[in-house]
Amino acid sequence: MKTQYTFNGTLNNLKERIHGWLYSTELEHIVQAFHGSFPHMSSTAEQAKWLLSFSDRWDYRSIQKQARDINTGEKARWQISSAEITEDQKASVAEGIYPLGLIGVQIPVETEFDYVIALGGARFSCLYRPRYAQELIASQKIKTKSAVLLSGMRPVSESERAATDTYAPGAATEYDLINAGAEQSFELSRNYKEEIYHNENPNKSWAVRCYDSPNGKIPVFSVSGPSSEPEKRRANSADTYKFFLEKFNVQSGQKLLLITSQIYVPYQQIEAVRTLAEPYNLYIETVGFPTEWSGQLQGMMEPANYLQEIRSTIQAINRYLNTVNI
């Protein structure tokens with residue numbers, strides 16, 4: 001079995017794991033397949049900056065016009081194409097995605113968490129992520145005090161309707177999607193208490209929902225946070241995390257398990273460390289639902305998708321390194 005360079009675990013050896021990822025043989029082979037001369041710089045930060053610049057060629061969401069939603073113009077990951085990627089390049093990506101942690105990260109290191117958090121997303125993400133949270137809890141692979149759904153008020157795009165209408169027909173927002181996914185996954189009734197704020201600017205809107213829990217089952221909450229820059233953009237992950245921390249009075253030293261798609265695990269973990277773990281002294285792990293759950297309607301399993309998310313991880317690493325001294 002090949003070595004896997006993951007970022008889960010305690011913070012005290014994160015710098016070494018980042019170094020291992022950035023200098024890995026697998027990443028070197030991918031860069032070489034795209035005609036790059038892979039550097040071995042003495043500075044981890046300089047290595048990360050070089051890779052960030054090189055990875056511009058993998059920003060397929062910006063490069064490919066078909067990656068934009070027809071109605072909103074937004075860049076959709078599931079619409080990018082691998083047509084211009086050569087067979088040798090595809091082979092280097094296929095060999096690298098396990099060692100680089102874009103597949104095969106679905107069992108957490110720890111077994112007890114204060115919160116298990118299913119993250120929102122597009123298409124089937126809002127069904128599969130709550131479902132995997134429920135499976136981890138029901139199988140007793142982990143123990144937790146609460147399950148939380150974190151999402152936003154992003155409108156559902158027409159390009160994802162073929163997927164989302166199979167489990168949340170007519171859903172208007174990502175918040176609607178993840179609520180529908182959780183209600184099915186956790187077999188929740190439609191009985192809940194909800195604190196909700198609507199604004200003409202949807203970037204300012206927020207909601208906190210608490211589902212009625214059957215006897216003996218953990219409580220399930222759904223949270224959608226507002227943007228910290230509502231005149232410029234929708235809420236991002238950092239905004240939603242901060243809103244959750246404040247609303248739930250999360251304490252220093254508590255443990256959080258994030259559930260995402262496996263292709264996003266490295267990116268999400270690094271971002272969560274930067275915006276949550278270090279500022280608030282929290283223990284955080286990130287895992288993904290089984291890759292085999294993804295079908296054609298979910299997409300996100302082509303070489304271009306993996307290259308795009310390798311780039312996203314490099315971006316996240318650069319943001320993290322800008323906050324620490326390495």
# chains A, B, ... in the order shown; residues from 1 in each chain; ligands from 1

call {"tool": "select_by_dssp", "arguments": {"residues": "range 77-294 of chain A", "states": "helix (DSSP H, G or I)", "output": "mmCIF file with N, CA and C atoms, in the first residue's frame"}}
result
data_model
loop_
_atom_site.group_PDB
_atom_site.id
_atom_site.type_symbol
_atom_site.label_atom_id
_atom_site.label_comp_id
_atom_site.auth_asym_id
_atom_site.auth_seq_id
_atom_site.Cartn_x
_atom_site.Cartn_y
_atom_site.Cartn_z
ATOM 1 N N ARG A 77 -18.096 22.822 -10.947
ATOM 2 C CA ARG A 77 -17.051 21.808 -10.993
ATOM 3 C C ARG A 77 -17.460 20.606 -11.827
ATOM 4 N N TRP A 78 -18.759 20.248 -11.786
ATOM 5 C CA TRP A 78 -19.198 19.020 -12.447
ATOM 6 C C TRP A 78 -19.323 19.159 -13.959
ATOM 7 N N GLN A 79 -19.081 20.351 -14.495
ATOM 8 C CA GLN A 79 -19.213 20.551 -15.936
ATOM 9 C C GLN A 79 -17.873 20.687 -16.652
ATOM 10 N N GLU A 87 -3.379 10.739 -22.269
ATOM 11 C CA GLU A 87 -3.457 9.474 -21.536
ATOM 12 C C GLU A 87 -2.354 9.372 -20.481
ATOM 13 N N ASP A 88 -1.151 9.846 -20.806
ATOM 14 C CA ASP A 88 -0.063 9.824 -19.826
ATOM 15 C C ASP A 88 -0.390 10.723 -18.635
ATOM 16 N N GLN A 89 -0.978 11.867 -18.912
ATOM 17 C CA GLN A 89 -1.357 12.776 -17.831
ATOM 18 C C GLN A 89 -2.458 12.159 -16.973
ATOM 19 N N LYS A 90 -3.427 11.525 -17.613
ATOM 20 C CA LYS A 90 -4.496 10.854 -16.859
ATOM 21 C C LYS A 90 -3.927 9.755 -15.966
ATOM 22 N N ALA A 91 -2.931 9.026 -16.487
ATOM 23 C CA ALA A 91 -2.327 7.944 -15.703
ATOM 24 C C ALA A 91 -1.604 8.497 -14.470
ATOM 25 N N SER A 92 -0.925 9.621 -14.620
ATOM 26 C CA SER A 92 -0.211 10.215 -13.475
ATOM 27 C C SER A 92 -1.196 10.691 -12.413
ATOM 28 N N VAL A 93 -2.343 11.215 -12.841
ATOM 29 C CA VAL A 93 -3.370 11.650 -11.895
ATOM 30 C C VAL A 93 -3.959 10.444 -11.169
ATOM 31 N N ALA A 94 -4.276 9.393 -11.936
ATOM 32 C CA ALA A 94 -4.862 8.189 -11.335
ATOM 33 C C ALA A 94 -3.927 7.577 -10.287
ATOM 34 N N GLU A 95 -2.625 7.618 -10.542
ATOM 35 C CA GLU A 95 -1.656 7.062 -9.597
ATOM 36 C C GLU A 95 -1.485 7.943 -8.357
ATOM 37 N N GLY A 96 -1.805 9.223 -8.487
ATOM 38 C CA GLY A 96 -1.525 10.155 -7.409
ATOM 39 C C GLY A 96 -2.672 10.448 -6.466
ATOM 40 N N SER A 125 -24.423 16.011 -2.989
ATOM 41 C CA SER A 125 -23.633 16.197 -1.773
ATOM 42 C C SER A 125 -24.503 16.332 -0.536
ATOM 43 N N CYS A 126 -25.625 17.040 -0.666
ATOM 44 C CA CYS A 126 -26.487 17.290 0.493
ATOM 45 C C CYS A 126 -27.313 16.068 0.877
ATOM 46 N N LEU A 127 -27.257 15.026 0.079
ATOM 47 C CA LEU A 127 -27.853 13.742 0.449
ATOM 48 C C LEU A 127 -26.796 12.789 0.987
ATOM 49 N N TYR A 128 -25.687 12.663 0.255
ATOM 50 C CA TYR A 128 -24.662 11.682 0.611
ATOM 51 C C TYR A 128 -23.926 12.037 1.902
ATOM 52 N N ARG A 129 -23.662 13.311 2.133
ATOM 53 C CA ARG A 129 -22.888 13.683 3.321
ATOM 54 C C ARG A 129 -23.681 13.452 4.608
ATOM 55 N N PRO A 130 -24.945 13.889 4.711
ATOM 56 C CA PRO A 130 -25.729 13.503 5.891
ATOM 57 C C PRO A 130 -25.891 11.988 6.024
ATOM 58 N N ARG A 131 -26.038 11.307 4.899
ATOM 59 C CA ARG A 131 -26.201 9.845 4.938
ATOM 60 C C ARG A 131 -24.960 9.195 5.536
ATOM 61 N N TYR A 132 -23.778 9.690 5.151
ATOM 62 C CA TYR A 132 -22.563 9.075 5.688
ATOM 63 C C TYR A 132 -22.381 9.414 7.162
ATOM 64 N N ALA A 133 -22.774 10.618 7.558
ATOM 65 C CA ALA A 133 -22.747 10.962 8.985
ATOM 66 C C ALA A 133 -23.619 9.992 9.769
ATOM 67 N N GLN A 134 -24.810 9.736 9.252
ATOM 68 C CA GLN A 134 -25.723 8.813 9.930
ATOM 69 C C GLN A 134 -25.153 7.406 9.982
ATOM 70 N N GLU A 135 -24.509 6.960 8.904
ATOM 71 C CA GLU A 135 -23.941 5.609 8.876
ATOM 72 C C GLU A 135 -22.793 5.462 9.876
ATOM 73 N N LEU A 136 -21.942 6.465 9.966
ATOM 74 C CA LEU A 136 -20.840 6.391 10.931
ATOM 75 C C LEU A 136 -21.363 6.306 12.358
ATOM 76 N N ILE A 137 -22.414 7.062 12.634
ATOM 77 C CA ILE A 137 -23.002 7.056 13.978
ATOM 78 C C ILE A 137 -23.742 5.746 14.241
ATOM 79 N N ALA A 138 -24.577 5.314 13.293
ATOM 80 C CA ALA A 138 -25.386 4.107 13.487
ATOM 81 C C ALA A 138 -24.534 2.856 13.606
ATOM 82 N N GLU A 158 -29.804 25.374 -12.237
ATOM 83 C CA GLU A 158 -30.515 24.474 -13.152
ATOM 84 C C GLU A 158 -29.635 23.300 -13.571
ATOM 85 N N SER A 159 -28.317 23.505 -13.612
ATOM 86 C CA SER A 159 -27.425 22.440 -14.062
ATOM 87 C C SER A 159 -27.319 21.297 -13.065
ATOM 88 N N GLU A 160 -27.821 21.483 -11.835
ATOM 89 C CA GLU A 160 -27.783 20.402 -10.844
ATOM 90 C C GLU A 160 -29.159 19.804 -10.578
ATOM 91 N N ARG A 161 -30.194 20.319 -11.237
ATOM 92 C CA ARG A 161 -31.560 19.870 -10.969
ATOM 93 C C ARG A 161 -31.771 18.387 -11.266
ATOM 94 N N ALA A 162 -31.104 17.877 -12.295
ATOM 95 C CA ALA A 162 -31.279 16.458 -12.628
ATOM 96 C C ALA A 162 -30.902 15.576 -11.457
ATOM 97 N N ALA A 163 -29.949 16.043 -10.643
ATOM 98 C CA ALA A 163 -29.542 15.300 -9.454
ATOM 99 C C ALA A 163 -30.424 15.648 -8.258
ATOM 100 N N THR A 164 -30.565 16.936 -7.968
ATOM 101 C CA THR A 164 -31.243 17.337 -6.728
ATOM 102 C C THR A 164 -32.735 17.009 -6.723
ATOM 103 N N GLU A 174 -29.533 25.653 -1.168
ATOM 104 C CA GLU A 174 -28.703 24.577 -0.609
ATOM 105 C C GLU A 174 -29.199 24.178 0.782
ATOM 106 N N TYR A 175 -29.680 25.154 1.548
ATOM 107 C CA TYR A 175 -30.256 24.880 2.872
ATOM 108 C C TYR A 175 -31.429 23.913 2.734
ATOM 109 N N ASP A 176 -32.271 24.124 1.735
ATOM 110 C CA ASP A 176 -33.393 23.203 1.482
ATOM 111 C C ASP A 176 -32.876 21.804 1.126
ATOM 112 N N LEU A 177 -31.814 21.764 0.317
ATOM 113 C CA LEU A 177 -31.267 20.478 -0.121
ATOM 114 C C LEU A 177 -30.766 19.654 1.057
ATOM 115 N N ILE A 178 -29.960 20.276 1.910
ATOM 116 C CA ILE A 178 -29.358 19.494 2.989
ATOM 117 C C ILE A 178 -30.394 19.102 4.037
ATOM 118 N N ASN A 179 -31.428 19.934 4.202
ATOM 119 C CA ASN A 179 -32.511 19.542 5.114
ATOM 120 C C ASN A 179 -33.235 18.315 4.579
ATOM 121 N N ALA A 180 -33.513 18.312 3.282
ATOM 122 C CA ALA A 180 -34.175 17.148 2.690
ATOM 123 C C ALA A 180 -33.291 15.913 2.780
ATOM 124 N N GLY A 181 -31.981 16.080 2.521
ATOM 125 C CA GLY A 181 -31.065 14.954 2.603
ATOM 126 C C GLY A 181 -30.962 14.395 4.008
ATOM 127 N N ALA A 182 -30.943 15.267 4.995
ATOM 128 C CA ALA A 182 -30.846 14.819 6.388
ATOM 129 C C ALA A 182 -32.134 14.167 6.861
ATOM 130 N N GLU A 183 -33.266 14.716 6.438
ATOM 131 C CA GLU A 183 -34.546 14.136 6.848
ATOM 132 C C GLU A 183 -34.677 12.697 6.359
ATOM 133 N N GLN A 184 -34.175 12.434 5.152
ATOM 134 C CA GLN A 184 -34.191 11.062 4.631
ATOM 135 C C GLN A 184 -33.137 10.201 5.332
ATOM 136 N N SER A 185 -31.951 10.733 5.499
ATOM 137 C CA SER A 185 -30.839 9.944 6.033
ATOM 138 C C SER A 185 -31.042 9.580 7.496
ATOM 139 N N PRO A 202 -30.113 38.100 0.090
ATOM 140 C CA PRO A 202 -30.017 36.745 0.642
ATOM 141 C C PRO A 202 -28.680 36.451 1.316
ATOM 142 N N ASN A 203 -27.643 37.237 0.992
ATOM 143 C CA ASN A 203 -26.349 37.028 1.629
ATOM 144 C C ASN A 203 -26.370 37.366 3.116
ATOM 145 N N LYS A 204 -27.405 38.098 3.550
ATOM 146 C CA LYS A 204 -27.549 38.441 4.958
ATOM 147 C C LYS A 204 -28.466 37.472 5.705
ATOM 148 N N SER A 237 -17.283 29.186 3.618
ATOM 149 C CA SER A 237 -17.164 28.194 4.695
ATOM 150 C C SER A 237 -16.761 28.847 6.014
ATOM 151 N N ALA A 238 -15.816 29.792 5.956
ATOM 152 C CA ALA A 238 -15.362 30.441 7.184
ATOM 153 C C ALA A 238 -16.501 31.192 7.865
ATOM 154 N N ASP A 239 -17.349 31.851 7.076
ATOM 155 C CA ASP A 239 -18.503 32.564 7.640
ATOM 156 C C ASP A 239 -19.435 31.603 8.356
ATOM 157 N N THR A 240 -19.731 30.481 7.700
ATOM 158 C CA THR A 240 -20.668 29.520 8.277
ATOM 159 C C THR A 240 -20.087 28.862 9.514
ATOM 160 N N TYR A 241 -18.793 28.534 9.469
ATOM 161 C CA TYR A 241 -18.138 27.967 10.648
ATOM 162 C C TYR A 241 -18.248 28.916 11.841
ATOM 163 N N LYS A 242 -17.916 30.180 11.616
ATOM 164 C CA LYS A 242 -17.936 31.162 12.705
ATOM 165 C C LYS A 242 -19.350 31.308 13.270
ATOM 166 N N PHE A 243 -20.343 31.357 12.393
ATOM 167 C CA PHE A 243 -21.735 31.470 12.830
ATOM 168 C C PHE A 243 -22.123 30.267 13.694
ATOM 169 N N PHE A 244 -21.721 29.082 13.262
ATOM 170 C CA PHE A 244 -21.992 27.866 14.029
ATOM 171 C C PHE A 244 -21.332 27.927 15.408
ATOM 172 N N LEU A 245 -20.063 28.312 15.447
ATOM 173 C CA LEU A 245 -19.342 28.382 16.721
ATOM 174 C C LEU A 245 -20.052 29.308 17.707
ATOM 175 N N GLU A 246 -20.514 30.455 17.209
ATOM 176 C CA GLU A 246 -21.170 31.431 18.075
ATOM 177 C C GLU A 246 -22.527 30.932 18.541
ATOM 178 N N LYS A 247 -23.321 30.391 17.626
ATOM 179 C CA LYS A 247 -24.666 29.946 17.975
ATOM 180 C C LYS A 247 -24.651 28.757 18.933
ATOM 181 N N PHE A 248 -23.632 27.905 18.818
ATOM 182 C CA PHE A 248 -23.584 26.687 19.623
ATOM 183 C C PHE A 248 -22.603 26.801 20.787
ATOM 184 N N GLN A 262 -14.951 12.868 -0.822
ATOM 185 C CA GLN A 262 -13.541 12.523 -0.651
ATOM 186 C C GLN A 262 -12.601 13.401 -1.473
ATOM 187 N N ILE A 263 -13.044 13.832 -2.623
ATOM 188 C CA ILE A 263 -12.192 14.664 -3.474
ATOM 189 C C ILE A 263 -11.859 15.998 -2.820
ATOM 190 N N TYR A 264 -12.710 16.446 -1.865
ATOM 191 C CA TYR A 264 -12.494 17.726 -1.196
ATOM 192 C C TYR A 264 -11.803 17.589 0.158
ATOM 193 N N VAL A 265 -11.518 16.377 0.611
ATOM 194 C CA VAL A 265 -11.010 16.189 1.975
ATOM 195 C C VAL A 265 -9.737 16.999 2.247
ATOM 196 N N PRO A 266 -8.696 16.938 1.404
ATOM 197 C CA PRO A 266 -7.479 17.709 1.737
ATOM 198 C C PRO A 266 -7.755 19.212 1.831
ATOM 199 N N TYR A 267 -8.484 19.743 0.851
ATOM 200 C CA TYR A 267 -8.805 21.173 0.847
ATOM 201 C C TYR A 267 -9.608 21.567 2.081
ATOM 202 N N GLN A 268 -10.682 20.815 2.376
ATOM 203 C CA GLN A 268 -11.541 21.161 3.499
ATOM 204 C C GLN A 268 -10.788 21.075 4.823
ATOM 205 N N GLN A 269 -9.928 20.073 4.974
ATOM 206 C CA GLN A 269 -9.194 19.926 6.230
ATOM 207 C C GLN A 269 -8.243 21.097 6.467
ATOM 208 N N ILE A 270 -7.494 21.480 5.444
ATOM 209 C CA ILE A 270 -6.562 22.596 5.594
ATOM 210 C C ILE A 270 -7.317 23.890 5.886
ATOM 211 N N GLU A 271 -8.421 24.127 5.184
ATOM 212 C CA GLU A 271 -9.212 25.332 5.432
ATOM 213 C C GLU A 271 -9.798 25.332 6.838
ATOM 214 N N ALA A 272 -10.248 24.168 7.297
ATOM 215 C CA ALA A 272 -10.826 24.077 8.640
ATOM 216 C C ALA A 272 -9.765 24.278 9.710
ATOM 217 N N VAL A 273 -8.565 23.792 9.475
ATOM 218 C CA VAL A 273 -7.470 24.025 10.423
ATOM 219 C C VAL A 273 -7.179 25.523 10.526
ATOM 220 N N ARG A 274 -7.120 26.179 9.354
ATOM 221 C CA ARG A 274 -6.787 27.612 9.334
ATOM 222 C C ARG A 274 -7.875 28.468 9.967
ATOM 223 N N THR A 275 -9.135 28.173 9.675
ATOM 224 C CA THR A 275 -10.221 29.052 10.119
ATOM 225 C C THR A 275 -10.879 28.616 11.422
ATOM 226 N N LEU A 276 -10.677 27.343 11.814
ATOM 227 C CA LEU A 276 -11.351 26.821 13.004
ATOM 228 C C LEU A 276 -10.375 26.279 14.049
ATOM 229 N N ALA A 277 -9.598 25.287 13.664
ATOM 230 C CA ALA A 277 -8.798 24.544 14.639
ATOM 231 C C ALA A 277 -7.791 25.437 15.366
ATOM 232 N N GLU A 278 -7.009 26.187 14.610
ATOM 233 C CA GLU A 278 -5.984 27.002 15.246
ATOM 234 C C GLU A 278 -6.553 28.242 15.950
ATOM 235 N N PRO A 279 -7.449 29.020 15.315
ATOM 236 C CA PRO A 279 -7.961 30.210 16.006
ATOM 237 C C PRO A 279 -8.761 29.902 17.265
ATOM 238 N N TYR A 280 -9.474 28.763 17.263
ATOM 239 C CA TYR A 280 -10.365 28.453 18.380
ATOM 240 C C TYR A 280 -9.917 27.247 19.210
ATOM 241 N N THR A 291 -16.496 6.734 -2.158
ATOM 242 C CA THR A 291 -16.410 7.197 -3.538
ATOM 243 C C THR A 291 -17.383 6.452 -4.452
ATOM 244 N N GLU A 292 -17.637 5.168 -4.143
ATOM 245 C CA GLU A 292 -18.513 4.388 -5.020
ATOM 246 C C GLU A 292 -19.954 4.880 -5.009
ATOM 247 N N TRP A 293 -20.324 5.713 -4.051
ATOM 248 C CA TRP A 293 -21.671 6.286 -4.065
ATOM 249 C C TRP A 293 -21.855 7.254 -5.230
#

call {"tool": "select_by_dssp", "arguments": {"residues": "range 112-284 of chain A", "states": "strand (DSSP E)", "output": "CSV table (one decimal) with N, CA, C and O atoms, in the first residue's frame"}}
result
chain,number,residue,atom,x,y,z
A,112,GLU,N,-14.4,9.5,19.0
A,112,GLU,CA,-15.4,10.3,19.8
A,112,GLU,C,-15.3,11.8,19.5
A,112,GLU,O,-14.2,12.4,19.5
A,113,PHE,N,-16.4,12.4,19.1
A,113,PHE,CA,-16.5,13.8,18.7
A,113,PHE,C,-17.6,14.5,19.4
A,113,PHE,O,-18.7,13.9,19.7
A,114,ASP,N,-17.4,15.8,19.7
A,114,ASP,CA,-18.5,16.6,20.2
A,114,ASP,C,-19.6,16.9,19.1
A,114,ASP,O,-20.8,16.9,19.4
A,115,TYR,N,-19.2,17.1,17.9
A,115,TYR,CA,-20.1,17.4,16.8
A,115,TYR,C,-19.6,16.7,15.6
A,115,TYR,O,-18.4,16.7,15.2
A,116,VAL,N,-20.6,16.0,14.9
A,116,VAL,CA,-20.3,15.5,13.5
A,116,VAL,C,-21.0,16.4,12.6
A,116,VAL,O,-22.3,16.6,12.7
A,117,ILE,N,-20.3,17.0,11.6
A,117,ILE,CA,-20.8,18.1,10.8
A,117,ILE,C,-20.8,17.7,9.3
A,117,ILE,O,-19.8,17.5,8.7
A,118,ALA,N,-22.0,17.6,8.7
A,118,ALA,CA,-22.1,17.3,7.3
A,118,ALA,C,-22.2,18.6,6.6
A,118,ALA,O,-23.0,19.5,6.9
A,119,LEU,N,-21.2,18.8,5.7
A,119,LEU,CA,-21.1,20.1,4.9
A,119,LEU,C,-22.0,20.1,3.7
A,119,LEU,O,-22.2,19.1,3.0
A,143,LYS,N,-18.7,8.1,18.1
A,143,LYS,CA,-19.7,8.6,19.0
A,143,LYS,C,-19.7,10.1,19.0
A,143,LYS,O,-18.6,10.7,18.8
A,144,THR,N,-20.9,10.7,19.1
A,144,THR,CA,-21.0,12.1,19.1
A,144,THR,C,-22.2,12.6,19.9
A,144,THR,O,-23.1,11.8,20.2
A,145,LYS,N,-22.1,13.8,20.3
A,145,LYS,CA,-23.2,14.4,21.1
A,145,LYS,C,-24.3,15.0,20.2
A,145,LYS,O,-25.5,15.0,20.6
A,146,SER,N,-23.9,15.5,19.0
A,146,SER,CA,-24.9,16.1,18.1
A,146,SER,C,-24.4,15.9,16.6
A,146,SER,O,-23.2,15.9,16.4
A,147,ALA,N,-25.4,15.9,15.7
A,147,ALA,CA,-25.1,16.0,14.3
A,147,ALA,C,-25.6,17.3,13.8
A,147,ALA,O,-26.7,17.8,14.2
A,148,VAL,N,-24.7,18.0,13.0
A,148,VAL,CA,-25.0,19.3,12.5
A,148,VAL,C,-24.9,19.3,11.0
A,148,VAL,O,-24.0,18.7,10.4
A,149,LEU,N,-25.8,20.1,10.3
A,149,LEU,CA,-25.7,20.3,8.9
A,149,LEU,C,-25.3,21.7,8.7
A,149,LEU,O,-26.0,22.6,9.2
A,150,LEU,N,-24.2,22.0,7.9
A,150,LEU,CA,-23.8,23.3,7.7
A,150,LEU,C,-24.0,23.6,6.2
A,150,LEU,O,-23.4,22.9,5.3
A,151,SER,N,-24.7,24.6,5.8
A,151,SER,CA,-24.9,24.9,4.4
A,151,SER,C,-25.1,26.5,4.3
A,151,SER,O,-24.8,27.2,5.2
A,192,TYR,N,-39.9,20.5,13.8
A,192,TYR,CA,-38.6,21.1,14.2
A,192,TYR,C,-38.9,22.5,14.7
A,192,TYR,O,-40.0,23.1,14.5
A,193,LYS,N,-38.0,23.1,15.5
A,193,LYS,CA,-38.0,24.5,15.9
A,193,LYS,C,-37.0,25.2,15.0
A,193,LYS,O,-35.9,24.7,14.8
A,194,GLU,N,-37.3,26.4,14.6
A,194,GLU,CA,-36.4,27.1,13.6
A,194,GLU,C,-36.4,28.6,14.0
A,194,GLU,O,-37.4,29.2,14.2
A,195,GLU,N,-35.2,29.1,14.0
A,195,GLU,CA,-34.9,30.5,14.1
A,195,GLU,C,-34.4,30.9,12.8
A,195,GLU,O,-33.3,30.4,12.3
A,196,ILE,N,-35.1,31.9,12.1
A,196,ILE,CA,-34.7,32.2,10.7
A,196,ILE,C,-34.8,33.7,10.5
A,196,ILE,O,-35.7,34.3,11.1
A,197,TYR,N,-33.9,34.2,9.7
A,197,TYR,CA,-33.9,35.6,9.4
A,197,TYR,C,-33.8,35.8,7.9
A,197,TYR,O,-32.8,35.3,7.3
A,206,TRP,N,-30.1,34.0,7.4
A,206,TRP,CA,-29.5,32.9,8.1
A,206,TRP,C,-30.6,32.1,8.7
A,206,TRP,O,-31.8,32.5,8.8
A,207,ALA,N,-30.3,30.9,9.2
A,207,ALA,CA,-31.3,30.0,9.8
A,207,ALA,C,-30.6,29.0,10.7
A,207,ALA,O,-29.5,28.6,10.4
A,208,VAL,N,-31.3,28.6,11.8
A,208,VAL,CA,-30.9,27.6,12.7
A,208,VAL,C,-32.1,26.7,13.0
A,208,VAL,O,-33.1,27.2,13.5
A,209,ARG,N,-32.0,25.5,12.6
A,209,ARG,CA,-33.2,24.5,12.8
A,209,ARG,C,-32.8,23.4,13.7
A,209,ARG,O,-31.7,22.8,13.6
A,210,CYS,N,-33.7,23.1,14.6
A,210,CYS,CA,-33.4,21.9,15.5
A,210,CYS,C,-34.6,20.9,15.3
A,210,CYS,O,-35.7,21.2,15.6
A,211,TYR,N,-34.2,19.7,14.8
A,211,TYR,CA,-35.3,18.7,14.6
A,211,TYR,C,-35.6,18.0,15.9
A,211,TYR,O,-34.8,17.8,16.8
A,220,VAL,N,-30.3,16.6,15.9
A,220,VAL,CA,-29.9,17.0,14.6
A,220,VAL,C,-30.2,18.4,14.4
A,220,VAL,O,-31.4,18.8,14.5
A,221,PHE,N,-29.2,19.2,14.0
A,221,PHE,CA,-29.4,20.7,13.8
A,221,PHE,C,-29.0,21.0,12.4
A,221,PHE,O,-28.1,20.3,11.8
A,222,SER,N,-29.6,22.0,11.8
A,222,SER,CA,-29.3,22.5,10.5
A,222,SER,C,-29.0,24.0,10.6
A,222,SER,O,-29.8,24.8,11.2
A,223,VAL,N,-27.8,24.4,10.1
A,223,VAL,CA,-27.3,25.8,10.2
A,223,VAL,C,-27.0,26.4,8.9
A,223,VAL,O,-26.2,25.8,8.1
A,224,SER,N,-27.5,27.6,8.6
A,224,SER,CA,-27.0,28.3,7.4
A,224,SER,C,-26.7,29.7,7.9
A,224,SER,O,-27.5,30.5,8.5
A,255,LYS,N,-14.0,18.6,19.9
A,255,LYS,CA,-13.6,17.8,18.7
A,255,LYS,C,-14.8,17.8,17.7
A,255,LYS,O,-15.9,17.6,18.0
A,256,LEU,N,-14.4,18.1,16.4
A,256,LEU,CA,-15.4,18.2,15.3
A,256,LEU,C,-14.9,17.3,14.2
A,256,LEU,O,-13.7,17.2,13.9
A,257,LEU,N,-15.9,16.5,13.7
A,257,LEU,CA,-15.7,15.7,12.5
A,257,LEU,C,-16.5,16.3,11.3
A,257,LEU,O,-17.7,16.4,11.4
A,258,LEU,N,-15.8,16.7,10.3
A,258,LEU,CA,-16.4,17.2,9.1
A,258,LEU,C,-16.6,16.1,8.1
A,258,LEU,O,-15.7,15.3,7.8
A,259,ILE,N,-17.8,16.1,7.5
A,259,ILE,CA,-18.1,15.1,6.4
A,259,ILE,C,-18.3,15.8,5.1
A,259,ILE,O,-19.1,16.7,5.0
A,260,THR,N,-17.5,15.5,4.1
A,260,THR,CA,-17.6,16.1,2.8
A,260,THR,C,-17.5,15.0,1.7
A,260,THR,O,-17.8,13.8,2.0
A,261,SER,N,-17.2,15.3,0.5
A,261,SER,CA,-16.9,14.4,-0.5
A,261,SER,C,-15.4,14.1,-0.5
A,261,SER,O,-14.6,15.0,-0.2
A,283,TYR,N,-10.1,20.5,17.9
A,283,TYR,CA,-9.5,19.3,17.2
A,283,TYR,C,-10.5,19.0,16.0
A,283,TYR,O,-11.7,18.9,16.2
A,284,ILE,N,-10.0,18.9,14.8
A,284,ILE,CA,-10.8,18.8,13.6
A,284,ILE,C,-10.3,17.7,12.7
A,284,ILE,O,-9.1,17.6,12.5

call {"tool": "closest_residue", "arguments": {"among": "A:Arg190, A:Val109, A:Gly170, A:Ser252", "to": "Gly9 in chain A", "atoms": "only C-alpha atoms"}}
result
A:Val109

call {"tool": "closest_residue", "arguments": {"among": "A:Thr10, A:Ser294, A:Gln4, A:Ser205", "to": "Ile97 in chain A", "atoms": "only C-alpha atoms"}}
result
A:Gln4

call {"tool": "atom_distance", "arguments": {"atom1": "CA of Gln140 in chain A", "atom2": "CA of Thr111 in chain A"}}
result
8.8 Å

call {"tool": "closest_residue", "arguments": {"among": "A:Lys2, A:Ser24, A:Leu14, A:Phe289", "to": "Pro39 in chain A", "atoms": "only C-alpha atoms"}}
result
A:Ser24
